[in-house]
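Colleague: Sharing a structure with you now.
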Amino acid sequence: MLSTTLQRIGGPLAAIPLALTLLAPGAQASSHREAPFITTAPKVDASDFYMFRSYEAGRSDFVTLIANYLPLQDAYGGPNYFALDPNALYETHIDNNGDAKEDLSFQFRFRNTLSNGGAGTSLKIGDRSVGIPLVQSGQVSQVGDPNLQLAETYTVQVVRGDRRTGTRQALTQVGTGSETFAKPVDNIGVKTIPDYAGYAARHVHAVAIPGCATPGRMFVGQRQDPFAVNLGPVFDLVNAPVSVITDPALTGAVPNPLGAKNVTAIALEIHRSCLTNGDDVIGGWTSASLRQARLIDGKPGSGHQASERAGGAWTQVSRLGMPLVNEVVIGLKDKDRFNASKPSGDAQFADYVTHPTLPALLEIALNLPKTAPTNLPRTDLVTTFLTGIKGVNQPKNVVASEMLRLNTGIAPVAHAEQNRLGIVGNLLAGGNDNAGFPNGRRPKDDVVDISLVAVMGGLCLANGDTDKLGFGSACRPAAVPLGATALKLHDAVDQGVVPLLSGFPYLNTPVPGSK
């Protein structure tokens, strides 16, 4: 059915003006705790994935890839805070020929070690030397600070071809050649780390990438969660007045509930020539895997995370490309299955895109019967979600599959000039910003509002009665019961005002545990 649907889409999308921002299947939250199993393993829970041409001054020929993990961190979450899992494999994948299979994978492994050769930090108490209970014993300011009892480090390999059987080589630090990179401790508070921004900046590493002539940059560490969404009311059957969420003047009526939360970002900046392969369009997603078996030692010895013994094959438990998908598009019974799957197997999930349940759920939640779009199958969503838009971000030889897609040939736009509604917002404003969602995803892009509009038929309003965008003759204004109101939908939280940095790693300094 999926292949038949795609055959009907075809055609160049020359008339872009209103359609391009109203993209992606709808959802109202980032991918936080989106599947039953992943709620039991928060350290490998991918919450957001970003892929965009770097807009920092002097870096426009680079592509930034950011995978956020371990969402909803409370800044005061000591004494252990939020180190990543040494028994996990975190990956960022690139498909550069459109075949729905990874061609490049960047694999991150973490190691968390106690000071003094594993013995940890002790204090002399009377005639005894006794280990301290905190990760720090004093003020912290430098890489590998001696006042840290726990050192967090990581290694990275680039794999060309299949992620498990392809050829692999290590990324190294420019200048030293070291294969080991330091990760900053989380933002414990201003007494322990008075200048966290400066401390974290010292953990931005210049890296040599095998097969790439130009060095890149890399950062792994805690950041303020960059996502904005009206999280609680949305999951409470959209507990918000229709008059508010259809009034564009109230786009920022509610403070962002995630503004006080942190995440852990895995960020890479790579020259675009090192990612492409004869086509400017690339696809990307992130995944995390755990060992297939785990034994819990009932009598663990001294050490750090000493209770667990992991073994067996790597088994994928988290997957994220386009935002919001597993959160509210995939059915509950298939959420774990989706997280374990690869893009090449996405035909099994086609019904969730061609016949989405979210419009019907919104009818119930908002008490607006018969407002779901009637153009089934939803070829408008399939084009945007599974293939990319022809002439914008569709690969030359595309296999339908879910991933974020970026046309690396489109120039970036400075943060201050970015339109939070991506390409369409730019076109309506008469600007020059063609670098936003769904052409990749930048931290400023308001994917929640864009998605609400799309799922309730905004693409079909733009497609008109002549199928001018090639979404199929059934995708027309008459198939959108909400009419022009569909274009006004939002969640009352404004992504465009989230604090961000102007350069790599772009996500803001994390909220401190104490101020």
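Residue numbering restarts at 1 for every chain of the structure tokens, chains are lettered A, B, ... in their displayed order, and ligands are numbered from 1 as they appear.
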Give me, as a tab-separated table, the closest atom pair and its distance (Å, one decimal) for every residue of segment 449-487 of chain A within a cut-off of 10 Å of segment 244-268 of chain A, counting only C-alpha atoms, rows sorted by chain and rising number.

Modeller:
```
residue	atom	partner	partner_atom	distance
A:Asp449	CA	A:Thr251	CA	9.0
A:Thr485	CA	A:Thr246	CA	6.7
A:Ala486	CA	A:Thr246	CA	8.1
A:Leu487	CA	A:Thr246	CA	8.4
```

Colleague: Applying 6 Å and only C-alpha atoms, which residues near segment 137-147 of chain A remain after dropping the ones on its own chain fewer than 4 positions away? List them as an MDAnalysis selection string.

Modeller: chainID A and resid 192:193 199

Colleague: Could you give me, as a PyMOL selection string, each residue of segment 213-460 of chain A that DSSP assigns to strand (DSSP E or B) when run on this structure's backbone?

Modeller: chain A and resi 216-224+261-271+281-296+308-320+404-407+441

Colleague: Just the residues within 7 Å of segment 91-103 of chain A, please, counting only C-alpha atoms, with nothing from its chain fewer than 3 positions along; format it as an MDAnalysis selection string.

Modeller: chainID A and resid 106:108 160:162 275:277 281:288 343:344 395 397:399 401

Colleague: Compile the contact shell of Arg164 of chain A as a compact mmCIF listing (two decimals) with all heavy atoms, in the first residue's frame: residues with an atom at most 10 Å away, counting only C-alpha atoms, same-chain residues fewer than 4 positions apart removed.

Modeller:
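As written to disk, result33.txt reads:
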```txt
# COMPACT_ATOMS: atom_id res chain seq x y z
N SER A 105 27.88 6.21 10.23
CA SER A 105 27.38 6.19 11.60
C SER A 105 28.48 6.68 12.53
O SER A 105 29.63 6.22 12.41
CB SER A 105 26.94 4.78 12.02
OG SER A 105 25.83 4.34 11.26
N VAL A 159 31.69 4.81 11.29
CA VAL A 159 31.52 3.53 10.60
C VAL A 159 30.96 3.82 9.21
O VAL A 159 29.93 4.50 9.08
CB VAL A 159 30.59 2.59 11.37
CG1 VAL A 159 30.47 1.24 10.65
CG2 VAL A 159 31.09 2.38 12.79
N ARG A 160 31.62 3.31 8.20
CA ARG A 160 31.14 3.49 6.82
C ARG A 160 30.51 2.19 6.35
O ARG A 160 31.12 1.13 6.39
CB ARG A 160 32.30 3.91 5.91
CG ARG A 160 32.92 5.23 6.35
CD ARG A 160 34.05 5.72 5.45
NE ARG A 160 34.65 6.92 6.00
CZ ARG A 160 34.17 8.16 5.85
NH1 ARG A 160 33.09 8.34 5.11
NH2 ARG A 160 34.78 9.19 6.42
N ARG A 168 35.37 0.71 10.39
CA ARG A 168 35.31 1.71 11.45
C ARG A 168 36.67 2.28 11.76
O ARG A 168 37.68 1.58 11.72
CB ARG A 168 34.67 1.11 12.71
CG ARG A 168 35.42 -0.06 13.33
CD ARG A 168 34.59 -0.70 14.46
NE ARG A 168 33.33 -1.23 13.98
CZ ARG A 168 32.13 -0.84 14.44
NH1 ARG A 168 32.06 0.06 15.41
NH2 ARG A 168 31.03 -1.37 13.96
N TRP A 314 24.50 -5.87 20.56
CA TRP A 314 23.84 -4.58 20.69
C TRP A 314 22.40 -4.70 20.20
O TRP A 314 22.15 -5.24 19.11
CB TRP A 314 24.56 -3.50 19.90
CG TRP A 314 25.88 -3.08 20.47
CD1 TRP A 314 27.11 -3.19 19.87
CD2 TRP A 314 26.12 -2.45 21.74
NE1 TRP A 314 28.08 -2.68 20.69
CE2 TRP A 314 27.52 -2.22 21.85
CE3 TRP A 314 25.29 -2.08 22.80
CZ2 TRP A 314 28.09 -1.63 22.96
CZ3 TRP A 314 25.87 -1.48 23.91
CH2 TRP A 314 27.25 -1.26 23.99
```

Colleague: What's the 10 Å shell around segment 349-364 of chain A, counting only C-alpha atoms, without same-chain residues fewer than 2 positions away, as number ranges by chain?

Modeller: A: 1-3, 5, 24-27, 237-238, 325, 328-331, 334, 337-338, 345-347, 366-382, 385-386, 400-402, 452, 455-457

Colleague: Provide the atom CA of Val242 of chain A to atom CA of Ala478 of chain A distance in Å, to one decimal place.

Modeller: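 Value for the atom CA of Val242 of chain A-atom CA of Ala478 of chain A distance: 21.8 Å.
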
Colleague: Of the candidates A:Val317, A:Ala201, A:Ile188, A:Ala306, which shows the shortest atom-to-atom distance to Met218 of chain A, using only C-alpha atoms?

Modeller: A:Ala201

Colleague: Smallest atom-to-atom distance to Thr214 of chain A: which of A:Asp61, A:Glu56, A:Asp279, A:Asp45, using only C-alpha atoms?

Modeller: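 The closest residue to Thr214 of chain A is A:Asp61.
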
Colleague: Residues at most 8 Å from Arg33 of chain A, counting only C-alpha atoms, excluding those fewer than 6 positions away in the same chain, as a PyMOL selection string?

Modeller: chain A and resi 39+42+45+47

Colleague: List the spatial neighbours of Gly175 of chain A as a JSON list (two decimals) with C-alpha atoms, in the first residue's frame - criterion: any atom at most 12 Å away, only C-alpha atoms, same-chain residues fewer than 5 positions off excluded.

Modeller:
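Below is the file out_3.json, written as the result:
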```json
[["chain", "number", "residue", "atom", "x", "y", "z"],
["A", 205, "HIS", "CA", 36.82, 19.56, 20.89],
["A", 206, "ALA", "CA", 38.40, 20.07, 17.46],
["A", 207, "VAL", "CA", 38.33, 16.62, 15.88],
["A", 208, "ALA", "CA", 39.99, 14.86, 12.98],
["A", 215, "PRO", "CA", 38.49, 19.01, 10.94]]
```

Colleague: If you run DSSP on the backbone here, which positions in segment 348-489 of chain A get helix (DSSP H, G or I)? Please write them as a ChimeraX atom specification.

Modeller: /A:348-354,358-366,379-387,415-417,422-429,447-455,458-463,477-479,483-488

Colleague: Save out the residues we just selected, C-alpha atoms, as a compact mmCIF listing (two decimals), in the first residue's frame.

Modeller:
```txt
# COMPACT_ATOMS: atom_id res chain seq x y z
CA GLN A 348 5.22 -1.82 8.48
CA PHE A 349 4.22 1.53 10.01
CA ALA A 350 2.68 3.07 6.87
CA ASP A 351 -0.92 3.03 8.15
CA TYR A 352 0.01 5.38 10.98
CA VAL A 353 0.96 8.01 8.40
CA THR A 354 -1.58 7.35 5.63
CA LEU A 358 -4.41 12.14 15.78
CA PRO A 359 -7.03 14.19 13.86
CA ALA A 360 -9.77 11.94 15.23
CA LEU A 361 -8.33 12.24 18.74
CA LEU A 362 -8.34 16.02 18.41
CA GLU A 363 -12.00 15.87 17.42
CA ILE A 364 -12.69 14.08 20.71
CA ALA A 365 -10.38 16.18 22.86
CA LEU A 366 -11.59 19.54 21.56
CA THR A 379 -0.63 11.48 0.67
CA ASP A 380 0.23 14.99 1.86
CA LEU A 381 1.81 13.59 5.02
CA VAL A 382 3.48 10.69 3.22
CA THR A 383 5.33 13.06 0.88
CA THR A 384 6.64 15.25 3.63
CA PHE A 385 7.21 12.55 6.20
CA LEU A 386 8.54 9.57 4.27
CA THR A 387 10.13 10.89 1.07
CA HIS A 415 19.76 33.00 14.19
CA ALA A 416 18.27 36.48 14.53
CA GLU A 417 16.85 36.30 11.01
CA GLY A 422 10.52 27.49 8.77
CA ILE A 423 10.23 27.83 5.02
CA VAL A 424 6.58 28.92 4.79
CA GLY A 425 6.85 31.53 7.50
CA ASN A 426 9.78 32.90 5.55
CA LEU A 427 7.90 32.96 2.27
CA LEU A 428 4.90 34.67 3.80
CA ALA A 429 7.27 37.26 5.27
CA VAL A 447 7.76 21.97 14.87
CA VAL A 448 4.78 21.67 17.23
CA ASP A 449 2.82 24.49 15.64
CA ILE A 450 3.83 23.40 12.14
CA SER A 451 2.68 19.86 12.88
CA LEU A 452 -0.69 20.89 14.31
CA VAL A 453 -1.48 22.80 11.16
CA ALA A 454 -0.36 19.96 8.92
CA VAL A 455 -2.26 17.16 10.59
CA GLY A 458 -3.04 22.80 6.04
CA LEU A 459 -1.19 21.10 3.18
CA CYS A 460 -4.44 20.46 1.34
CA LEU A 461 -5.49 24.08 1.64
CA ALA A 462 -2.25 24.97 -0.09
CA ASN A 463 -2.64 22.20 -2.69
CA PRO A 477 -9.58 22.56 0.43
CA ALA A 478 -12.91 20.72 0.49
CA ALA A 479 -11.17 17.90 2.38
CA GLY A 483 -10.95 25.55 6.61
CA ALA A 484 -8.66 28.51 7.26
CA THR A 485 -8.79 27.84 11.01
CA ALA A 486 -6.41 24.93 10.39
CA LEU A 487 -3.72 27.48 9.52
CA LYS A 488 -4.04 29.20 12.91
```
